[in-house]
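Text of final_8.txt (compact mmCIF, N, CA and C atoms) as supplied:
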```txt
# COMPACT_ATOMS: atom_id res chain seq x y z
N MET W 91 44.60 34.62 -25.79
CA MET W 91 43.94 33.61 -25.02
C MET W 91 42.55 33.36 -25.61
N VAL W 92 42.28 32.12 -25.92
CA VAL W 92 40.99 31.74 -26.47
C VAL W 92 40.13 31.17 -25.34
N ILE W 93 38.97 31.75 -25.15
CA ILE W 93 38.06 31.29 -24.10
C ILE W 93 37.00 30.41 -24.76
N PRO W 94 36.96 29.13 -24.37
CA PRO W 94 35.97 28.24 -24.99
C PRO W 94 34.55 28.59 -24.54
N VAL W 95 33.58 28.31 -25.40
CA VAL W 95 32.18 28.56 -25.05
C VAL W 95 31.42 27.27 -24.79
N THR W 96 32.13 26.16 -24.77
CA THR W 96 31.51 24.87 -24.47
C THR W 96 31.21 24.80 -22.98
N ASP W 97 30.33 23.86 -22.61
CA ASP W 97 29.99 23.66 -21.20
C ASP W 97 31.24 23.29 -20.40
N ALA W 98 31.14 23.40 -19.09
CA ALA W 98 32.27 23.10 -18.21
C ALA W 98 32.78 21.67 -18.39
N ASP W 99 31.88 20.75 -18.74
CA ASP W 99 32.28 19.35 -18.93
C ASP W 99 32.80 19.08 -20.34
N GLY W 100 32.87 20.10 -21.19
CA GLY W 100 33.39 19.95 -22.54
C GLY W 100 32.32 19.68 -23.59
N SER W 101 31.07 19.47 -23.18
CA SER W 101 30.00 19.22 -24.14
C SER W 101 29.63 20.52 -24.87
N ALA W 102 28.91 20.38 -25.96
CA ALA W 102 28.62 21.52 -26.84
C ALA W 102 27.84 22.63 -26.14
N GLY W 103 26.94 22.33 -25.26
CA GLY W 103 26.15 23.35 -24.58
C GLY W 103 24.88 23.66 -25.34
N LEU W 104 23.92 24.20 -24.66
CA LEU W 104 22.65 24.58 -25.28
C LEU W 104 22.87 25.79 -26.18
N PRO W 105 22.15 25.88 -27.29
CA PRO W 105 22.34 27.02 -28.21
C PRO W 105 22.20 28.38 -27.53
N ILE W 106 21.23 28.54 -26.65
CA ILE W 106 21.06 29.84 -25.97
C ILE W 106 22.28 30.15 -25.10
N CYS W 107 22.81 29.13 -24.43
CA CYS W 107 23.99 29.34 -23.58
C CYS W 107 25.20 29.73 -24.44
N VAL W 108 25.40 29.00 -25.53
CA VAL W 108 26.54 29.28 -26.42
C VAL W 108 26.43 30.69 -26.98
N ARG W 109 25.23 31.11 -27.40
CA ARG W 109 25.04 32.46 -27.94
C ARG W 109 25.42 33.54 -26.93
N GLN W 110 24.97 33.38 -25.67
CA GLN W 110 25.27 34.39 -24.64
C GLN W 110 26.75 34.40 -24.30
N ARG W 111 27.36 33.22 -24.23
CA ARG W 111 28.80 33.13 -23.94
C ARG W 111 29.61 33.75 -25.07
N GLU W 112 29.21 33.47 -26.32
CA GLU W 112 29.93 34.06 -27.46
C GLU W 112 29.86 35.58 -27.42
N TRP W 113 28.70 36.13 -27.07
CA TRP W 113 28.56 37.58 -26.97
C TRP W 113 29.57 38.14 -25.97
N LEU W 114 29.60 37.54 -24.77
CA LEU W 114 30.50 38.04 -23.73
C LEU W 114 31.96 37.88 -24.13
N VAL W 115 32.32 36.75 -24.70
CA VAL W 115 33.72 36.52 -25.11
C VAL W 115 34.10 37.51 -26.20
N ASP W 116 33.23 37.70 -27.20
CA ASP W 116 33.53 38.65 -28.28
C ASP W 116 33.56 40.09 -27.78
N ARG W 117 32.69 40.41 -26.84
CA ARG W 117 32.58 41.79 -26.34
C ARG W 117 33.73 42.16 -25.38
N TYR W 118 34.02 41.26 -24.43
CA TYR W 118 34.97 41.61 -23.37
C TYR W 118 36.36 41.03 -23.59
N ARG W 119 36.50 40.03 -24.44
CA ARG W 119 37.76 39.53 -24.97
C ARG W 119 38.80 38.99 -23.99
N SER W 120 38.50 38.96 -22.71
CA SER W 120 39.47 38.45 -21.75
C SER W 120 38.74 37.90 -20.53
N ASP W 121 39.43 37.04 -19.82
CA ASP W 121 38.82 36.49 -18.61
C ASP W 121 38.58 37.58 -17.57
N THR W 122 39.48 38.56 -17.50
CA THR W 122 39.29 39.65 -16.52
C THR W 122 38.09 40.52 -16.88
N GLY W 123 37.90 40.81 -18.16
CA GLY W 123 36.76 41.61 -18.60
C GLY W 123 35.43 40.91 -18.36
N ILE W 124 35.39 39.62 -18.67
CA ILE W 124 34.16 38.85 -18.45
C ILE W 124 33.85 38.77 -16.96
N ALA W 125 34.86 38.51 -16.15
CA ALA W 125 34.65 38.42 -14.70
C ALA W 125 34.17 39.75 -14.13
N LEU W 126 34.75 40.85 -14.57
CA LEU W 126 34.31 42.16 -14.08
C LEU W 126 32.86 42.42 -14.47
N LYS W 127 32.49 42.08 -15.69
CA LYS W 127 31.11 42.27 -16.13
C LYS W 127 30.16 41.37 -15.34
N PHE W 128 30.59 40.17 -15.00
CA PHE W 128 29.77 39.25 -14.22
C PHE W 128 29.41 39.86 -12.87
N TYR W 129 30.35 40.60 -12.26
CA TYR W 129 30.13 41.16 -10.93
C TYR W 129 29.62 42.59 -10.93
N SER W 130 29.64 43.28 -12.06
CA SER W 130 29.26 44.69 -12.05
C SER W 130 28.49 45.09 -13.30
N ASP W 131 27.48 45.90 -13.11
CA ASP W 131 26.73 46.47 -14.23
C ASP W 131 27.21 47.89 -14.52
N GLU W 132 28.28 48.30 -13.90
CA GLU W 132 28.76 49.67 -14.03
C GLU W 132 29.64 49.91 -15.26
N LEU W 133 29.99 48.87 -15.99
CA LEU W 133 30.85 49.06 -17.16
C LEU W 133 30.09 49.81 -18.25
N PRO W 134 30.74 50.77 -18.90
CA PRO W 134 30.04 51.53 -19.94
C PRO W 134 29.74 50.66 -21.16
N ILE W 135 28.52 50.73 -21.65
CA ILE W 135 28.07 49.97 -22.81
C ILE W 135 27.38 50.95 -23.76
N SER W 136 27.66 50.81 -25.06
CA SER W 136 26.98 51.69 -26.01
C SER W 136 25.48 51.38 -25.98
N SER W 137 24.69 52.38 -26.21
CA SER W 137 23.24 52.20 -26.13
C SER W 137 22.74 51.18 -27.15
N ASP W 138 23.43 51.05 -28.27
CA ASP W 138 23.04 50.07 -29.29
C ASP W 138 23.18 48.64 -28.77
N ASP W 139 24.16 48.40 -27.91
CA ASP W 139 24.45 47.06 -27.42
C ASP W 139 23.89 46.78 -26.02
N SER W 140 23.34 47.76 -25.37
CA SER W 140 22.98 47.60 -23.96
C SER W 140 21.94 46.51 -23.73
N HIS W 141 20.96 46.39 -24.61
CA HIS W 141 19.92 45.38 -24.43
C HIS W 141 20.50 43.97 -24.59
N VAL W 142 21.31 43.77 -25.61
CA VAL W 142 21.92 42.46 -25.85
C VAL W 142 22.88 42.12 -24.71
N ASP W 143 23.65 43.09 -24.29
CA ASP W 143 24.60 42.87 -23.20
C ASP W 143 23.89 42.52 -21.90
N ALA W 144 22.83 43.24 -21.59
CA ALA W 144 22.07 42.97 -20.36
C ALA W 144 21.45 41.58 -20.39
N ARG W 145 20.92 41.19 -21.55
CA ARG W 145 20.33 39.86 -21.67
C ARG W 145 21.38 38.76 -21.52
N ALA W 146 22.55 38.97 -22.11
CA ALA W 146 23.63 37.97 -22.03
C ALA W 146 24.11 37.80 -20.59
N ILE W 147 24.37 38.88 -19.89
CA ILE W 147 24.90 38.75 -18.53
C ILE W 147 23.82 38.24 -17.58
N LYS W 148 22.57 38.60 -17.80
CA LYS W 148 21.48 38.06 -16.98
C LYS W 148 21.42 36.55 -17.14
N HIS W 149 21.53 36.08 -18.37
CA HIS W 149 21.51 34.64 -18.60
C HIS W 149 22.69 33.95 -17.90
N ILE W 150 23.88 34.50 -18.05
CA ILE W 150 25.07 33.91 -17.45
C ILE W 150 24.93 33.86 -15.93
N ARG W 151 24.41 34.90 -15.33
CA ARG W 151 24.25 34.95 -13.87
C ARG W 151 23.20 33.96 -13.37
N GLU W 152 22.15 33.71 -14.17
CA GLU W 152 21.04 32.89 -13.70
C GLU W 152 21.10 31.43 -14.13
N CYS W 153 21.80 31.12 -15.18
CA CYS W 153 21.84 29.76 -15.72
C CYS W 153 22.89 28.92 -14.97
N PRO W 154 22.49 27.82 -14.37
CA PRO W 154 23.47 26.98 -13.64
C PRO W 154 24.59 26.47 -14.53
N ARG W 155 24.27 26.13 -15.78
CA ARG W 155 25.31 25.64 -16.70
C ARG W 155 26.30 26.75 -17.04
N CYS W 156 25.80 27.95 -17.18
CA CYS W 156 26.69 29.07 -17.53
C CYS W 156 27.52 29.54 -16.33
N ARG W 157 26.95 29.45 -15.14
CA ARG W 157 27.76 29.77 -13.96
C ARG W 157 28.89 28.75 -13.81
N ALA W 158 28.59 27.47 -14.07
CA ALA W 158 29.64 26.44 -14.04
C ALA W 158 30.67 26.72 -15.12
N TRP W 159 30.21 27.17 -16.30
CA TRP W 159 31.14 27.55 -17.37
C TRP W 159 32.06 28.67 -16.92
N MET W 160 31.49 29.70 -16.28
CA MET W 160 32.31 30.82 -15.79
C MET W 160 33.44 30.32 -14.90
N HIS W 161 33.10 29.45 -13.98
CA HIS W 161 34.11 28.96 -13.03
C HIS W 161 35.09 27.99 -13.67
N SER W 162 34.74 27.45 -14.83
CA SER W 162 35.67 26.53 -15.50
C SER W 162 36.64 27.27 -16.42
N VAL W 163 36.24 28.42 -16.97
CA VAL W 163 37.11 29.12 -17.93
C VAL W 163 37.85 30.30 -17.31
N ILE W 164 37.40 30.75 -16.16
CA ILE W 164 38.06 31.90 -15.52
C ILE W 164 38.67 31.45 -14.20
N PRO W 165 39.97 31.65 -14.03
CA PRO W 165 40.63 31.22 -12.79
C PRO W 165 40.00 31.87 -11.56
N GLU W 166 39.98 31.13 -10.48
CA GLU W 166 39.39 31.61 -9.22
C GLU W 166 40.05 32.91 -8.77
N SER W 167 41.36 33.03 -8.96
CA SER W 167 42.06 34.25 -8.54
C SER W 167 41.56 35.47 -9.32
N VAL W 168 41.25 35.29 -10.59
CA VAL W 168 40.72 36.39 -11.41
C VAL W 168 39.31 36.76 -10.94
N LEU W 169 38.47 35.75 -10.69
CA LEU W 169 37.13 36.02 -10.19
C LEU W 169 37.17 36.77 -8.87
N ARG W 170 38.04 36.34 -7.98
CA ARG W 170 38.16 36.97 -6.65
C ARG W 170 38.63 38.42 -6.79
N ARG W 171 39.64 38.66 -7.63
CA ARG W 171 40.18 40.01 -7.81
C ARG W 171 39.14 40.93 -8.43
N GLN W 172 38.45 40.46 -9.45
CA GLN W 172 37.47 41.31 -10.12
C GLN W 172 36.26 41.60 -9.22
N ARG W 173 35.89 40.64 -8.38
CA ARG W 173 34.80 40.89 -7.43
C ARG W 173 35.21 42.00 -6.45
N ARG W 174 36.46 41.95 -5.97
CA ARG W 174 36.95 42.99 -5.06
C ARG W 174 37.00 44.35 -5.76
N LEU W 175 37.39 44.36 -7.02
CA LEU W 175 37.48 45.61 -7.77
C LEU W 175 36.14 46.33 -7.82
N THR W 176 35.04 45.60 -7.88
CA THR W 176 33.72 46.23 -7.97
C THR W 176 33.34 46.94 -6.67
N GLU W 177 34.04 46.66 -5.59
CA GLU W 177 33.74 47.32 -4.32
C GLU W 177 34.39 48.70 -4.20
N TYR W 178 35.29 49.03 -5.12
CA TYR W 178 36.01 50.30 -5.09
C TYR W 178 35.38 51.29 -6.04
N CYS W 179 35.69 52.56 -5.83
CA CYS W 179 35.14 53.60 -6.69
C CYS W 179 35.76 53.57 -8.08
N CYS W 180 37.03 53.13 -8.18
CA CYS W 180 37.69 53.07 -9.48
C CYS W 180 38.91 52.14 -9.40
N ALA W 181 39.47 51.82 -10.55
CA ALA W 181 40.61 50.92 -10.60
C ALA W 181 41.85 51.55 -9.96
N GLY W 182 42.01 52.87 -10.08
CA GLY W 182 43.15 53.53 -9.46
C GLY W 182 43.16 53.36 -7.95
N MET W 183 42.02 53.55 -7.32
CA MET W 183 41.91 53.38 -5.87
C MET W 183 42.13 51.92 -5.49
N PHE W 184 41.58 51.01 -6.28
CA PHE W 184 41.76 49.58 -6.03
C PHE W 184 43.25 49.22 -5.98
N VAL W 185 44.00 49.66 -6.97
CA VAL W 185 45.43 49.36 -7.02
C VAL W 185 46.17 50.00 -5.85
N ALA W 186 45.83 51.24 -5.53
CA ALA W 186 46.52 51.95 -4.44
C ALA W 186 46.27 51.31 -3.09
N VAL W 187 45.11 50.68 -2.91
CA VAL W 187 44.78 50.06 -1.62
C VAL W 187 45.17 48.59 -1.59
N GLU W 188 44.89 47.87 -2.65
CA GLU W 188 45.00 46.41 -2.64
C GLU W 188 46.37 45.86 -3.03
N GLN W 189 47.07 46.51 -3.95
CA GLN W 189 48.30 45.92 -4.45
C GLN W 189 49.48 46.35 -3.59
N VAL W 190 49.75 45.52 -2.60
CA VAL W 190 50.80 45.84 -1.64
C VAL W 190 52.18 45.41 -2.11
N ASP W 191 52.25 44.49 -3.06
CA ASP W 191 53.55 44.05 -3.56
C ASP W 191 53.95 44.90 -4.76
N GLY W 192 55.22 45.17 -4.88
CA GLY W 192 55.71 45.98 -5.98
C GLY W 192 55.82 47.44 -5.61
N PRO W 193 56.47 48.20 -6.48
CA PRO W 193 56.65 49.63 -6.21
C PRO W 193 55.36 50.40 -6.48
N ILE W 194 54.78 50.90 -5.42
CA ILE W 194 53.54 51.67 -5.55
C ILE W 194 53.77 53.06 -5.00
N THR W 195 53.40 54.04 -5.78
CA THR W 195 53.42 55.40 -5.27
C THR W 195 52.00 55.75 -4.88
N ASN W 196 51.86 56.59 -3.94
CA ASN W 196 50.55 57.01 -3.45
C ASN W 196 49.73 55.84 -2.91
N ARG W 197 50.33 55.10 -2.00
CA ARG W 197 49.63 53.99 -1.34
C ARG W 197 48.55 54.59 -0.45
N ILE W 198 47.32 54.10 -0.57
CA ILE W 198 46.20 54.61 0.19
C ILE W 198 45.82 53.60 1.27
N THR W 199 45.69 54.06 2.50
CA THR W 199 45.27 53.21 3.61
C THR W 199 44.18 53.93 4.40
N PHE W 200 43.53 53.18 5.26
CA PHE W 200 42.44 53.72 6.06
C PHE W 200 42.67 53.36 7.52
N GLU W 201 42.35 54.29 8.40
CA GLU W 201 42.34 53.99 9.84
C GLU W 201 41.36 54.93 10.52
N MET W 202 40.95 54.54 11.70
CA MET W 202 40.11 55.41 12.52
C MET W 202 41.07 56.25 13.36
N PHE W 203 41.20 57.52 13.03
CA PHE W 203 42.10 58.42 13.74
C PHE W 203 41.57 58.65 15.15
N ARG W 204 42.40 58.43 16.13
CA ARG W 204 42.04 58.52 17.55
C ARG W 204 40.84 57.62 17.88
N GLY W 205 40.65 56.60 17.04
CA GLY W 205 39.59 55.65 17.29
C GLY W 205 38.19 56.12 16.94
N GLU W 206 38.06 57.35 16.40
CA GLU W 206 36.71 57.86 16.15
C GLU W 206 36.52 58.58 14.83
N ASP W 207 37.59 59.12 14.26
CA ASP W 207 37.46 59.88 13.00
C ASP W 207 38.02 59.06 11.84
N PRO W 208 37.20 58.82 10.79
CA PRO W 208 37.70 58.08 9.63
C PRO W 208 38.79 58.89 8.93
N CYS W 209 39.87 58.22 8.61
CA CYS W 209 41.01 58.91 7.99
C CYS W 209 41.59 58.07 6.86
N TRP W 210 41.49 58.58 5.66
CA TRP W 210 42.18 57.98 4.52
C TRP W 210 43.56 58.63 4.46
N MET W 211 44.60 57.81 4.37
CA MET W 211 45.97 58.31 4.39
C MET W 211 46.66 58.03 3.06
N ILE W 212 47.54 58.91 2.66
CA ILE W 212 48.37 58.72 1.49
C ILE W 212 49.79 58.51 1.97
N ASP W 213 50.36 57.37 1.58
CA ASP W 213 51.73 57.01 1.96
C ASP W 213 51.95 57.12 3.47
N ASP W 214 50.99 56.62 4.26
CA ASP W 214 51.04 56.58 5.72
C ASP W 214 51.09 57.96 6.38
N ILE W 215 50.67 58.98 5.67
CA ILE W 215 50.58 60.33 6.24
C ILE W 215 49.10 60.63 6.46
N HIS W 216 48.73 61.02 7.67
CA HIS W 216 47.34 61.34 7.97
C HIS W 216 46.90 62.49 7.07
N SER W 217 46.17 62.17 6.02
CA SER W 217 45.80 63.17 5.02
C SER W 217 44.37 63.63 5.13
N PHE W 218 43.51 62.77 5.69
CA PHE W 218 42.09 63.07 5.80
C PHE W 218 41.49 63.45 4.45
N ILE W 219 41.88 62.71 3.42
CA ILE W 219 41.29 62.99 2.11
C ILE W 219 39.84 62.54 2.12
N SER W 220 39.01 63.25 1.40
CA SER W 220 37.58 62.95 1.36
C SER W 220 37.12 62.45 -0.01
N TYR W 221 37.94 62.70 -1.02
CA TYR W 221 37.57 62.33 -2.38
C TYR W 221 38.71 61.53 -3.01
N CYS W 222 38.32 60.60 -3.88
CA CYS W 222 39.30 59.76 -4.57
C CYS W 222 40.20 60.64 -5.45
N PRO W 223 41.52 60.48 -5.34
CA PRO W 223 42.42 61.28 -6.17
C PRO W 223 42.34 60.94 -7.66
N TRP W 224 41.78 59.78 -8.02
CA TRP W 224 41.73 59.35 -9.42
C TRP W 224 40.39 59.66 -10.08
N CYS W 225 39.29 59.37 -9.41
CA CYS W 225 37.98 59.55 -10.07
C CYS W 225 37.15 60.67 -9.46
N GLY W 226 37.53 61.16 -8.28
CA GLY W 226 36.83 62.29 -7.66
C GLY W 226 35.59 61.93 -6.85
N LYS W 227 35.28 60.63 -6.74
CA LYS W 227 34.10 60.25 -5.94
C LYS W 227 34.38 60.40 -4.46
N LYS W 228 33.34 60.69 -3.71
CA LYS W 228 33.43 60.80 -2.25
C LYS W 228 33.84 59.45 -1.68
N LEU W 229 34.82 59.46 -0.78
CA LEU W 229 35.28 58.21 -0.15
C LEU W 229 34.37 57.82 1.00
N PRO W 230 34.21 56.53 1.22
CA PRO W 230 33.35 56.08 2.33
C PRO W 230 34.01 56.36 3.67
N LYS W 231 33.23 56.30 4.72
CA LYS W 231 33.74 56.52 6.07
C LYS W 231 34.16 55.21 6.72
N ARG W 232 34.47 54.22 5.90
CA ARG W 232 34.95 52.92 6.32
C ARG W 232 35.84 52.37 5.20
N PRO W 233 36.64 51.36 5.47
CA PRO W 233 37.46 50.78 4.40
C PRO W 233 36.58 50.14 3.32
N PHE W 234 37.12 50.05 2.13
CA PHE W 234 36.39 49.39 1.05
C PHE W 234 36.23 47.93 1.38
```

Could I get this file's structure written as structure tokens?
Amino acid sequence: MVIPVTDADGSAGLPICVRQREWLVDRYRSDTGIALKFYSDELPISSDDSHVDARAIKHIRECPRCRAWMHSVIPESVLRRQRRLTEYCCAGMFVAVEQVDGPITNRITFEMFRGEDPCWMIDDIHSFISYCPWCGKKLPKRPF
């Protein structure tokens, strides 16, 4: 999939905008990667590239032309999914909670047990897990 770096209206775009877009397209190589970076600063970046990466994403987030570009090259469904992913501790937990269609093992759900105690359940069994089974982070006392 080739992601164009031209403005949303098809015009060439300002040189600074094109440079920042090219960096993101070359670095993240997919609409899902670019969308995830747009919503999160948590992605690991080598220290050599961190300054350039931070400058590129700051420009994309703040520039009206580049925000319009984002919405023109990345489908709304991808933007929505990647924004939700940033609310979870890891991709494993996101899939276990969010992807209800298809064969999923270890489906994770949340409920208030007896209306007062937060309870994360595995496969609809009251498990009272406190840490993510995939990344080990402490789970919140509310749904993601």

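Between CA of Thr176 in chain W and atom N of Leu133 in chain W there is a distance of 9.2 Å.
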
* Structure fact -> Of W:Val142, W:Ala98, W:Val108, W:Cys179, the one nearest to Trp159 in chain W when counting all atoms listed in the file is W:Ala98

* Can you list, as an MDAnalysis selection string, every protein, DNA or RNA residue that comes within 6.5 Å of Tyr178 in chain W when you count only N, CA and C atoms, leaving out same-chain residues fewer than 5 positions away? -> chainID W and resid 183:184 234

Would you mind exporting the chosen residues as a tab-separated table (two decimals), in the coordinates of the input, restricted to N, CA and C atoms?
```tsv
chain	number	residue	atom	x	y	z
W	183	MET	N	42.02	53.55	-7.32
W	183	MET	CA	41.91	53.38	-5.87
W	183	MET	C	42.13	51.92	-5.49
W	184	PHE	N	41.58	51.01	-6.28
W	184	PHE	CA	41.76	49.58	-6.03
W	184	PHE	C	43.25	49.22	-5.98
W	234	PHE	N	37.12	50.05	2.13
W	234	PHE	CA	36.39	49.39	1.05
W	234	PHE	C	36.23	47.93	1.38
```

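Take the candidates W:Lys231, W:Gln110, W:Cys222, W:Asp214 and check each one against Arg145 in chain W using only N, CA and C atoms; the shortest distance goes to W:Gln110.
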
Each residue of range 155-201 of chain W with at least one atom at most 9 Å from range 147-151 of chain W should appear once, together with its nearest atom pair and the corresponding distance in Å (one decimal); atoms considered: only C-alpha atoms; ordering: chain, then increasing residue number; output as CSV.
```
residue,atom,partner,partner_atom,distance
W:Arg155,CA,W:Ile150,CA,8.3
W:Cys156,CA,W:Ile150,CA,5.1
W:Arg157,CA,W:Ile150,CA,6.0
W:Trp159,CA,W:Ile150,CA,8.8
W:Met160,CA,W:Ile150,CA,8.0
```

* Structure fact -> From atom C of Pro208 in chain W to atom N of Ser220 in chain W the spacing works out at 8.7 Å

* Write out as a PyMOL selection string the residues lying within 10 Å of Asn196 in chain W, counting only C-alpha atoms and excluding same-chain residues fewer than 5 positions away. => chain W and resi 183+185-187+211-214+223

Could you save the residues just selected, with N, CA and C atoms, as a PDB file, keeping the file's coordinate frame?
```
ATOM      1  N   MET W 183      42.020  53.550  -7.320  1.00  0.00           N
ATOM      2  CA  MET W 183      41.910  53.380  -5.870  1.00  0.00           C
ATOM      3  C   MET W 183      42.130  51.920  -5.490  1.00  0.00           C
ATOM      4  N   VAL W 185      44.000  49.660  -6.970  1.00  0.00           N
ATOM      5  CA  VAL W 185      45.430  49.360  -7.020  1.00  0.00           C
ATOM      6  C   VAL W 185      46.170  50.000  -5.850  1.00  0.00           C
ATOM      7  N   ALA W 186      45.830  51.240  -5.530  1.00  0.00           N
ATOM      8  CA  ALA W 186      46.520  51.950  -4.440  1.00  0.00           C
ATOM      9  C   ALA W 186      46.270  51.310  -3.090  1.00  0.00           C
ATOM     10  N   VAL W 187      45.110  50.680  -2.910  1.00  0.00           N
ATOM     11  CA  VAL W 187      44.780  50.060  -1.620  1.00  0.00           C
ATOM     12  C   VAL W 187      45.170  48.590  -1.590  1.00  0.00           C
ATOM     13  N   MET W 211      44.600  57.810   4.370  1.00  0.00           N
ATOM     14  CA  MET W 211      45.970  58.310   4.390  1.00  0.00           C
ATOM     15  C   MET W 211      46.660  58.030   3.060  1.00  0.00           C
ATOM     16  N   ILE W 212      47.540  58.910   2.660  1.00  0.00           N
ATOM     17  CA  ILE W 212      48.370  58.720   1.490  1.00  0.00           C
ATOM     18  C   ILE W 212      49.790  58.510   1.970  1.00  0.00           C
ATOM     19  N   ASP W 213      50.360  57.370   1.580  1.00  0.00           N
ATOM     20  CA  ASP W 213      51.730  57.010   1.960  1.00  0.00           C
ATOM     21  C   ASP W 213      51.950  57.120   3.470  1.00  0.00           C
ATOM     22  N   ASP W 214      50.990  56.620   4.260  1.00  0.00           N
ATOM     23  CA  ASP W 214      51.040  56.580   5.720  1.00  0.00           C
ATOM     24  C   ASP W 214      51.090  57.960   6.380  1.00  0.00           C
ATOM     25  N   PRO W 223      41.520  60.480  -5.340  1.00  0.00           N
ATOM     26  CA  PRO W 223      42.420  61.280  -6.170  1.00  0.00           C
ATOM     27  C   PRO W 223      42.340  60.940  -7.660  1.00  0.00           C
TER      28      PRO W 223
END
```

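Interatomic distance, atom C of Pro230 in chain W against atom C of Gln172 in chain W: 19.7 Å.
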
* Asked: In chain W, what's helix (DSSP H, G or I) per DSSP? Answer as a PyMOL selection string?
  -> chain W and resi 105-118+121-129+140-152+154-163+166-175+181-188
